[in-house]
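> Let me begin by handing over the structure; questions about it come next.
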Amino acid sequence: MSNPEIRTTCPYCGVGCGVLVSVDEAMNVSVRGDPDHPANFGRLCSKGAALGETVGPDNRLLYPKVDGEVTDWGRALDHVAGEFKRVIETHGPDAVAFYVSGQLLTEDYYVANKLMKGFIGSANIDTNSRLCMSSAVAGYKRAFGTDTVPCSYEDLERAKLIVLAGSNTAWCHPVLFQRIRKAKKDNPDLMVVVIDPRATPTCDVADLHLAVRPGSDAMLFNGLLCYLQDSGELNALFVERCTDGADEALASARASAGELDVVATACGIDTDTLREFYRLFARTERVVTVFSQGINQFSFGTDKVNSLINCHLLTGRIGRPGMGPFSFTGQPNAMGGREVGGLANQLAAHMEIDNPQHRERVQRFWQSPAIPGQAGLKAVDMFQAMETGKIKAVWIMATNPAVSLPDTQRVRAALGQCELVVVSDCVEHTDTTQYADVLLPAQSWGEKEGTVTNSERRISRQRAFLPTQGDARPDWWIVSEVGRRMGYESAFDYPAAVDVWREHAALSGFENDGERDFDISELAGLSHEDYQYLPPVQWPVSHAAPQGSARMFSDGHFFTRNGRARFVPINNPQPAHAISDDYPLVLNSGRVRDHWHTLTRTGKSPRLSGHIVEPYAELHPDDATQYSVEDHGLVRLHSAWGEIVVRAQVTGTQQRGSVFVPMHWNLQFSSVPSVDCLVSPATDPVSGQPEFKYTPVAIEPF
Ligand code: SF4
């Protein structure tokens, strides 16, 4: 007999699907899509449907460990607090760091950010969300003044044209792909354009596929900006009343991308195909441009984001149904982490760390001793600072940087250099936990309580439905207990997750007279029961919009100082490292359909593991011939940063000159190191996002 179903949220991607979970007497977990959740209306993808297979006890971290010995919570927490205090007293607050995760719940994230920025007095807290969507954040902020996603999922159904730029939606955001497929079936006039160097499964719904050269998207959108002006398809009234900088952006675009054939050559596509896309975009009022890691993961990802936002600003296609530039986030709570200031260059509640007024306001609200005046180190820089000895103690929460950061050998060397590595996670054995001096067992999905925010700004509850295994605890509790032991008792006195939530919500509305986008102050007074039954809601949830807000900027007002959106002039940016005779191919890494991140969860499911059983390198038949590679033969891939041996897959879906390798496999789950050991550590100077989509490599038979 099953117990009543519990309503919760899928812990994988940024779609944020609602799920209904039941647990029978034998503790078997059944999962189905929540028909009432507005993200998925009952749909699930393969990963969500297999969640019940991934909650078992194998490889769970069950008890605190210090130097490999099991201990109790009191001793472990005293040790962590004491060691952090020792390092801070000896070397200053910037000698410590937190590296956190888009897997954390908002409540966990809030407390970690508060402890580091408000009480330790350093901004050295960054997150693995830096790796997936920080260029989207930076692009939105440059254009709108704030990190504000303007759209809702329902805009996908209301659009007449959906442009999917650098997004393998079919595999990475599968339920949104299902929604697009259904929208197209219901409305045969809906056109879909896919912009991607690879012919991915997303092309199944494409009316037009632009197989552009890797990294040429800014050129493509600059060319579109010029075309829109030349064809008269601009919204002059919107540009004049609501924006700044159009002339500069157009001049900059025209300098490199004013001629159609020049753009077509640079993008590696024929002029007729390019013109067809431009015509389609120009004549269609309701356009949603979805963008994801293929745009963001470049050393000029922020410029690429702004190049596509510029096109929406020139046409005024923002803030109305069925239109807007729409970032699909990778992780379940990448957005929630942004809300609480989980990036090293942010403060809480979408306030800015380099804004003295914001710092003073947050410090007063937290009653904290000091908030640093400068941004902390972003993810790649943070690990390089460990390597050079600048950072001596790090606390890694719910993530596996020894696999997922670029240039992983250097990351491992950096962890080996630290005086103290603390890892709190629900998983015991990973490539990262082997470097830990202290392991702290965190509750897993199904055991913990809190909230996450998906790609459309929708806050949903994650609810517990399983007893906690071992002696695991919520992340917010673990961080709070360390904070209390460091001497900040009253600031970290949270009896339950709802108490953290109330403070977070109250801060969002604190002295916020509408100049800040993130406001959920209407939810600050939730009772324990209200919090338990909180329905999914899109922020802002303010006095002016108590039921939430589906769409932003409908009034043409943005969150810049003068209320006007900003065009950003984009030149013709290039990747940090060009291909060469030694490294003639471009490596691109990404997800596969049935796996998540570093396999710690999906690797437990036989069903999911059966889809693709091992890592591979996908390359074009002509490249296979040129480099004497046989289909299914082993190949050695090497770059200036490392090498791996994987099996080749020769396929026409891969464009000539490029190699694709999935990101998931690692030494803990296979004999193959992560593909990220090959990846260049170059980052975007604005966002700090690494260039996962463009590393020069060589290939040879093994
Ligand atoms: Fe979970 Fe994403 Fe699949 Fe939805 S689309 S079920 S959130 S993995």
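Residues in the structure tokens are named by chain (A, B, ... in the order shown) and by number from 1 within that chain; ligands are numbered from 1 in the order shown.
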Counting only C-alpha atoms and all ligand atoms, what are the residues, protein, DNA or RNA alike, that approach ligand 1 to within 9 Å? I want them as a JSON list (two decimals) with C-alpha atoms, in the first residue's frame.


```
[["chain", "number", "residue", "atom", "x", "y", "z"],
["A", 9, "THR", "CA", 10.14, 19.41, -7.49],
["A", 10, "CYS", "CA", 12.55, 17.47, -9.69],
["A", 11, "PRO", "CA", 16.17, 18.06, -8.56],
["A", 12, "TYR", "CA", 17.75, 17.99, -12.01],
["A", 13, "CYS", "CA", 17.52, 20.68, -14.63],
["A", 14, "GLY", "CA", 16.34, 24.28, -14.62],
["A", 15, "VAL", "CA", 12.95, 23.40, -16.11],
["A", 16, "GLY", "CA", 11.88, 22.77, -12.51],
["A", 17, "CYS", "CA", 9.17, 20.17, -13.10],
["A", 18, "GLY", "CA", 6.67, 19.39, -10.38],
["A", 19, "VAL", "CA", 6.58, 15.73, -9.35],
["A", 33, "GLY", "CA", 4.61, 14.32, -13.17],
["A", 39, "ALA", "CA", 6.28, 24.11, -15.58],
["A", 40, "ASN", "CA", 5.39, 20.64, -16.81],
["A", 43, "ARG", "CA", 5.09, 15.73, -18.12],
["A", 44, "LEU", "CA", 8.43, 14.25, -17.06],
["A", 45, "CYS", "CA", 11.57, 13.34, -18.99],
["A", 46, "SER", "CA", 13.53, 10.10, -18.62],
["A", 47, "LYS", "CA", 15.61, 11.46, -15.73],
["A", 48, "GLY", "CA", 12.62, 12.70, -13.77],
["A", 49, "ALA", "CA", 10.71, 9.47, -14.37],
["A", 51, "LEU", "CA", 14.10, 9.45, -9.82],
["A", 171, "TRP", "CA", 18.27, 16.52, -24.26],
["A", 172, "CYS", "CA", 19.05, 19.31, -21.80],
["A", 173, "HIS", "CA", 15.56, 20.74, -21.10],
["A", 174, "PRO", "CA", 13.43, 17.84, -22.35],
["A", 175, "VAL", "CA", 10.07, 18.87, -20.94],
["A", 176, "LEU", "CA", 10.35, 22.29, -22.54],
["A", 177, "PHE", "CA", 11.18, 20.50, -25.78],
["A", 330, "GLY", "CA", 21.12, 24.42, -16.44],
["A", 331, "GLN", "CA", 20.58, 23.54, -12.80],
["A", 332, "PRO", "CA", 17.51, 23.20, -10.58],
["A", 454, "ASN", "CA", 13.44, 27.56, -12.22],
["A", 594, "ASP", "CA", 19.81, 10.48, -19.62],
["A", 596, "TRP", "CA", 23.14, 14.45, -15.04]]
```

> What's the 7 Å shell around Ser658 of chain A, counting only C-alpha atoms, without same-chain residues fewer than 5 positions away, as a compact mmCIF listing (two decimals) with C-alpha atoms, in the first residue's frame?


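selection-v2.txt was written with the following content:
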```txt
# COMPACT_ATOMS: atom_id res chain seq x y z
CA LEU A 585 39.92 20.56 -34.12
CA VAL A 586 37.49 22.38 -31.83
CA LEU A 587 36.33 20.46 -28.76
CA LEU A 619 33.45 13.53 -35.23
```

> Counting only C-alpha atoms, which residue out of A:Val650, A:Val340, A:Ile478, A:Leu415 sits closest to Trp501 of chain A?

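The answer is A:Val340, which sits nearest to Trp501 of chain A.
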
> Write out, as a Markdown table, each residue of segment 254-287 of chain A that has an atom at most 7 Å from segment 195-218 of chain A, together with the closest pair of atoms and their distance in Å to one decimal, counting only C-alpha atoms, rows going by chain and rising number.


```
| residue | atom | partner | partner_atom | distance |
| --- | --- | --- | --- | --- |
| A:Ala266 | CA | A:Ser216 | CA | 6.9 |
| A:Cys267 | CA | A:Val212 | CA | 5.0 |
| A:Gly268 | CA | A:Arg213 | CA | 5.5 |
| A:Ile269 | CA | A:Val212 | CA | 6.2 |
```

> Atom CA of Lys65 of chain A to atom CA of Phe492 of chain A: how many Å, to one decimal?

23.2 Å

> What's around segment 254-261 of chain A at 10 Å? Count only C-alpha atoms, leave out sequence neighbours fewer than 6 positions away in its own chain, and write the answer as a ChimeraX atom specification.

/A:218-227,230,248,267,269-272,274-275,278,570-572

> Contacts of segment 620-635 of chain A at 7 Å or less, counting only C-alpha atoms, minus same-chain residues fewer than 5 places along, as a ChimeraX atom specification?

/A:645-652,654-657,699-702

> Could you write out that same residue set with N, CA and C atoms as an mmCIF file, in the first residue's frame?


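That gives us result-v3.cif:
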```cif
data_model
loop_
_atom_site.group_PDB
_atom_site.id
_atom_site.type_symbol
_atom_site.label_atom_id
_atom_site.label_comp_id
_atom_site.auth_asym_id
_atom_site.auth_seq_id
_atom_site.Cartn_x
_atom_site.Cartn_y
_atom_site.Cartn_z
ATOM 1 N N VAL A 645 41.323 9.083 -23.471
ATOM 2 C CA VAL A 645 41.123 8.059 -24.497
ATOM 3 C C VAL A 645 39.657 7.628 -24.422
ATOM 4 N N VAL A 646 38.949 7.757 -25.529
ATOM 5 C CA VAL A 646 37.526 7.372 -25.582
ATOM 6 C C VAL A 646 37.263 6.695 -26.928
ATOM 7 N N ARG A 647 36.044 6.199 -27.083
ATOM 8 C CA ARG A 647 35.682 5.542 -28.331
ATOM 9 C C ARG A 647 35.149 6.589 -29.321
ATOM 10 N N ALA A 648 35.513 6.412 -30.591
ATOM 11 C CA ALA A 648 35.056 7.367 -31.612
ATOM 12 C C ALA A 648 33.658 7.011 -32.088
ATOM 13 N N GLN A 649 32.885 8.033 -32.360
ATOM 14 C CA GLN A 649 31.610 7.862 -33.063
ATOM 15 C C GLN A 649 31.650 8.758 -34.279
ATOM 16 N N VAL A 650 31.656 8.147 -35.422
ATOM 17 C CA VAL A 650 31.765 8.915 -36.655
ATOM 18 C C VAL A 650 30.347 9.182 -37.156
ATOM 19 N N THR A 651 30.023 10.461 -37.331
ATOM 20 C CA THR A 651 28.629 10.803 -37.653
ATOM 21 C C THR A 651 28.545 12.108 -38.433
ATOM 22 N N GLY A 652 27.629 12.117 -39.361
ATOM 23 C CA GLY A 652 27.400 13.317 -40.155
ATOM 24 C C GLY A 652 26.698 14.425 -39.397
ATOM 25 N N GLN A 654 27.846 15.748 -36.806
ATOM 26 C CA GLN A 654 28.913 16.603 -36.278
ATOM 27 C C GLN A 654 29.484 17.415 -37.432
ATOM 28 N N GLN A 655 29.757 18.680 -37.239
ATOM 29 C CA GLN A 655 30.293 19.441 -38.366
ATOM 30 C C GLN A 655 31.800 19.230 -38.483
ATOM 31 N N ARG A 656 32.288 19.363 -39.687
ATOM 32 C CA ARG A 656 33.703 19.150 -39.946
ATOM 33 C C ARG A 656 34.539 20.131 -39.123
ATOM 34 N N GLY A 657 35.611 19.609 -38.525
ATOM 35 C CA GLY A 657 36.505 20.465 -37.745
ATOM 36 C C GLY A 657 36.168 20.511 -36.274
ATOM 37 N N ILE A 699 43.395 14.748 -32.477
ATOM 38 C CA ILE A 699 42.836 13.396 -32.317
ATOM 39 C C ILE A 699 43.703 12.401 -33.092
ATOM 40 N N GLU A 700 43.877 11.216 -32.528
ATOM 41 C CA GLU A 700 44.628 10.171 -33.239
ATOM 42 C C GLU A 700 44.146 8.809 -32.761
ATOM 43 N N PRO A 701 44.301 7.790 -33.584
ATOM 44 C CA PRO A 701 43.904 6.449 -33.129
ATOM 45 C C PRO A 701 44.748 6.049 -31.929
ATOM 46 N N PHE A 702 44.164 5.295 -31.002
ATOM 47 C CA PHE A 702 44.896 4.878 -29.793
ATOM 48 C C PHE A 702 45.408 3.461 -29.974
#
```

> Please identify the alpha helix (DSSP H) residues within segment 484-516 of chain A (assignment by DSSP from backbone atoms) and present them as a compact mmCIF listing (two decimals) with C-alpha atoms, in the first residue's frame.


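What landed in states.txt:
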```
# COMPACT_ATOMS: atom_id res chain seq x y z
CA ARG A 484 27.37 29.87 15.50
CA ARG A 485 30.61 28.16 16.51
CA ALA A 497 14.06 26.11 6.88
CA VAL A 498 11.00 28.37 6.98
CA ASP A 499 12.86 30.77 9.28
CA VAL A 500 15.61 31.16 6.71
CA TRP A 501 12.98 31.64 4.02
CA ARG A 502 11.22 34.42 5.94
CA GLU A 503 14.48 36.34 6.39
CA HIS A 504 15.40 35.93 2.72
CA ALA A 505 11.95 37.14 1.63
CA ALA A 506 12.04 40.07 4.07
CA LEU A 507 15.44 41.19 2.77
CA SER A 508 14.11 41.23 -0.80
CA GLY A 509 11.58 43.88 0.22
```

> Which residue gives the smallest distance to Ile644 of chain A among A:Thr399, A:Thr315, A:Gly688, A:Val697, with only C-alpha atoms counted?

A:Val697

> Could you give me the residues within segment 478-630 of chain A that DSSP places in strand (DSSP E or B), as a list of chain:residue names?

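Of segment 478-630 of chain A, only A:Val537, A:Gln538, A:Ala565, A:Arg566, A:Leu585, A:Val586, A:Leu587, A:Asn588, A:Ser589, A:Gly590, A:Tyr616, A:Ala617, A:Glu618, A:Leu619 fall in strand (DSSP E or B).
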
> Write to file, as a PDB file, in the first residue's frame, the residues of the selection just made, with N, CA and C atoms.


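Writing done, so here's result_30.pdb:
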```
ATOM      1  N   VAL A 537       5.158  29.797  -7.668  1.00  0.00           N
ATOM      2  CA  VAL A 537       4.822  31.195  -7.941  1.00  0.00           C
ATOM      3  C   VAL A 537       6.030  31.886  -8.565  1.00  0.00           C
ATOM      4  N   GLN A 538       5.758  32.773  -9.524  1.00  0.00           N
ATOM      5  CA  GLN A 538       6.836  33.480 -10.213  1.00  0.00           C
ATOM      6  C   GLN A 538       7.105  34.824  -9.563  1.00  0.00           C
ATOM      7  N   ALA A 565      16.500  50.501 -21.099  1.00  0.00           N
ATOM      8  CA  ALA A 565      17.359  49.355 -21.430  1.00  0.00           C
ATOM      9  C   ALA A 565      18.565  49.847 -22.216  1.00  0.00           C
ATOM     10  N   ARG A 566      19.647  49.077 -22.129  1.00  0.00           N
ATOM     11  CA  ARG A 566      20.886  49.497 -22.797  1.00  0.00           C
ATOM     12  C   ARG A 566      21.255  48.527 -23.920  1.00  0.00           C
ATOM     13  N   LEU A 585      41.366  20.744 -34.270  1.00  0.00           N
ATOM     14  CA  LEU A 585      39.920  20.560 -34.123  1.00  0.00           C
ATOM     15  C   LEU A 585      39.403  21.334 -32.910  1.00  0.00           C
ATOM     16  N   VAL A 586      38.109  21.666 -32.959  1.00  0.00           N
ATOM     17  CA  VAL A 586      37.488  22.384 -31.830  1.00  0.00           C
ATOM     18  C   VAL A 586      36.706  21.392 -30.975  1.00  0.00           C
ATOM     19  N   LEU A 587      37.067  21.315 -29.699  1.00  0.00           N
ATOM     20  CA  LEU A 587      36.334  20.456 -28.756  1.00  0.00           C
ATOM     21  C   LEU A 587      35.149  21.213 -28.176  1.00  0.00           C
ATOM     22  N   ASN A 588      34.022  20.517 -28.145  1.00  0.00           N
ATOM     23  CA  ASN A 588      32.785  21.061 -27.579  1.00  0.00           C
ATOM     24  C   ASN A 588      32.260  19.983 -26.630  1.00  0.00           C
ATOM     25  N   SER A 589      31.934  20.342 -25.402  1.00  0.00           N
ATOM     26  CA  SER A 589      31.418  19.331 -24.469  1.00  0.00           C
ATOM     27  C   SER A 589      29.992  19.693 -24.063  1.00  0.00           C
ATOM     28  N   GLY A 590      29.252  18.688 -23.586  1.00  0.00           N
ATOM     29  CA  GLY A 590      27.862  18.965 -23.203  1.00  0.00           C
ATOM     30  C   GLY A 590      27.204  17.740 -22.603  1.00  0.00           C
ATOM     31  N   TYR A 616      32.308   9.144 -25.291  1.00  0.00           N
ATOM     32  CA  TYR A 616      32.670   8.975 -26.705  1.00  0.00           C
ATOM     33  C   TYR A 616      33.096  10.322 -27.271  1.00  0.00           C
ATOM     34  N   ALA A 617      33.735  10.240 -28.442  1.00  0.00           N
ATOM     35  CA  ALA A 617      34.095  11.460 -29.182  1.00  0.00           C
ATOM     36  C   ALA A 617      33.410  11.388 -30.534  1.00  0.00           C
ATOM     37  N   GLU A 618      32.521  12.346 -30.764  1.00  0.00           N
ATOM     38  CA  GLU A 618      31.766  12.391 -32.013  1.00  0.00           C
ATOM     39  C   GLU A 618      32.534  13.241 -33.019  1.00  0.00           C
ATOM     40  N   LEU A 619      32.779  12.708 -34.225  1.00  0.00           N
ATOM     41  CA  LEU A 619      33.450  13.532 -35.234  1.00  0.00           C
ATOM     42  C   LEU A 619      32.916  13.223 -36.629  1.00  0.00           C
TER      43      LEU A 619
END
```

> Using only C-alpha atoms, which residues sit within 8 Å of Ser554 of chain A once same-chain residues fewer than 5 positions away are excluded, as an MDAnalysis selection string?

chainID A and resid 318:320

> Atoms to include: C-alpha atoms. Write the selected residues as an mmCIF file, in the first residue's frame.


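And here is the file that came out, selection_22.cif:
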```
data_model
loop_
_atom_site.group_PDB
_atom_site.id
_atom_site.type_symbol
_atom_site.label_atom_id
_atom_site.label_comp_id
_atom_site.auth_asym_id
_atom_site.auth_seq_id
_atom_site.Cartn_x
_atom_site.Cartn_y
_atom_site.Cartn_z
ATOM 1 C CA ILE A 318 10.248 42.127 -24.959
ATOM 2 C CA GLY A 319 7.735 42.332 -22.115
ATOM 3 C CA ARG A 320 4.817 41.144 -24.218
#
```

> Restricting the calculation to only C-alpha atoms: of A:Arg461, A:Arg364, A:His664, A:Arg473, which residue gets closest to Val403 of chain A?

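Ranking A:Arg461, A:Arg364, A:His664, A:Arg473 by distance to Val403 of chain A, first place goes to A:His664.
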
> Need the shell around Ala413 of chain A: protein/DNA/RNA residues with any atom at most 10 Å away, counting only C-alpha atoms. Skip same-chain ones fewer than 3 positions apart. Format as a list in words?

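So, after excluding close chain neighbours, the residues are Phe383, Gln384, Met386, Glu387, Ala402, Thr408, Gln409, Arg410, Gly416, Gln417, Cys418 and Tyr435 of chain A.
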
> Pick the closest to Ser490 of chain A from A:Ser444, A:Ser460, A:Ser549, A:Ser368: which is it, counting only C-alpha atoms?

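The shortest atom-to-atom distance to Ser490 of chain A comes from A:Ser368.
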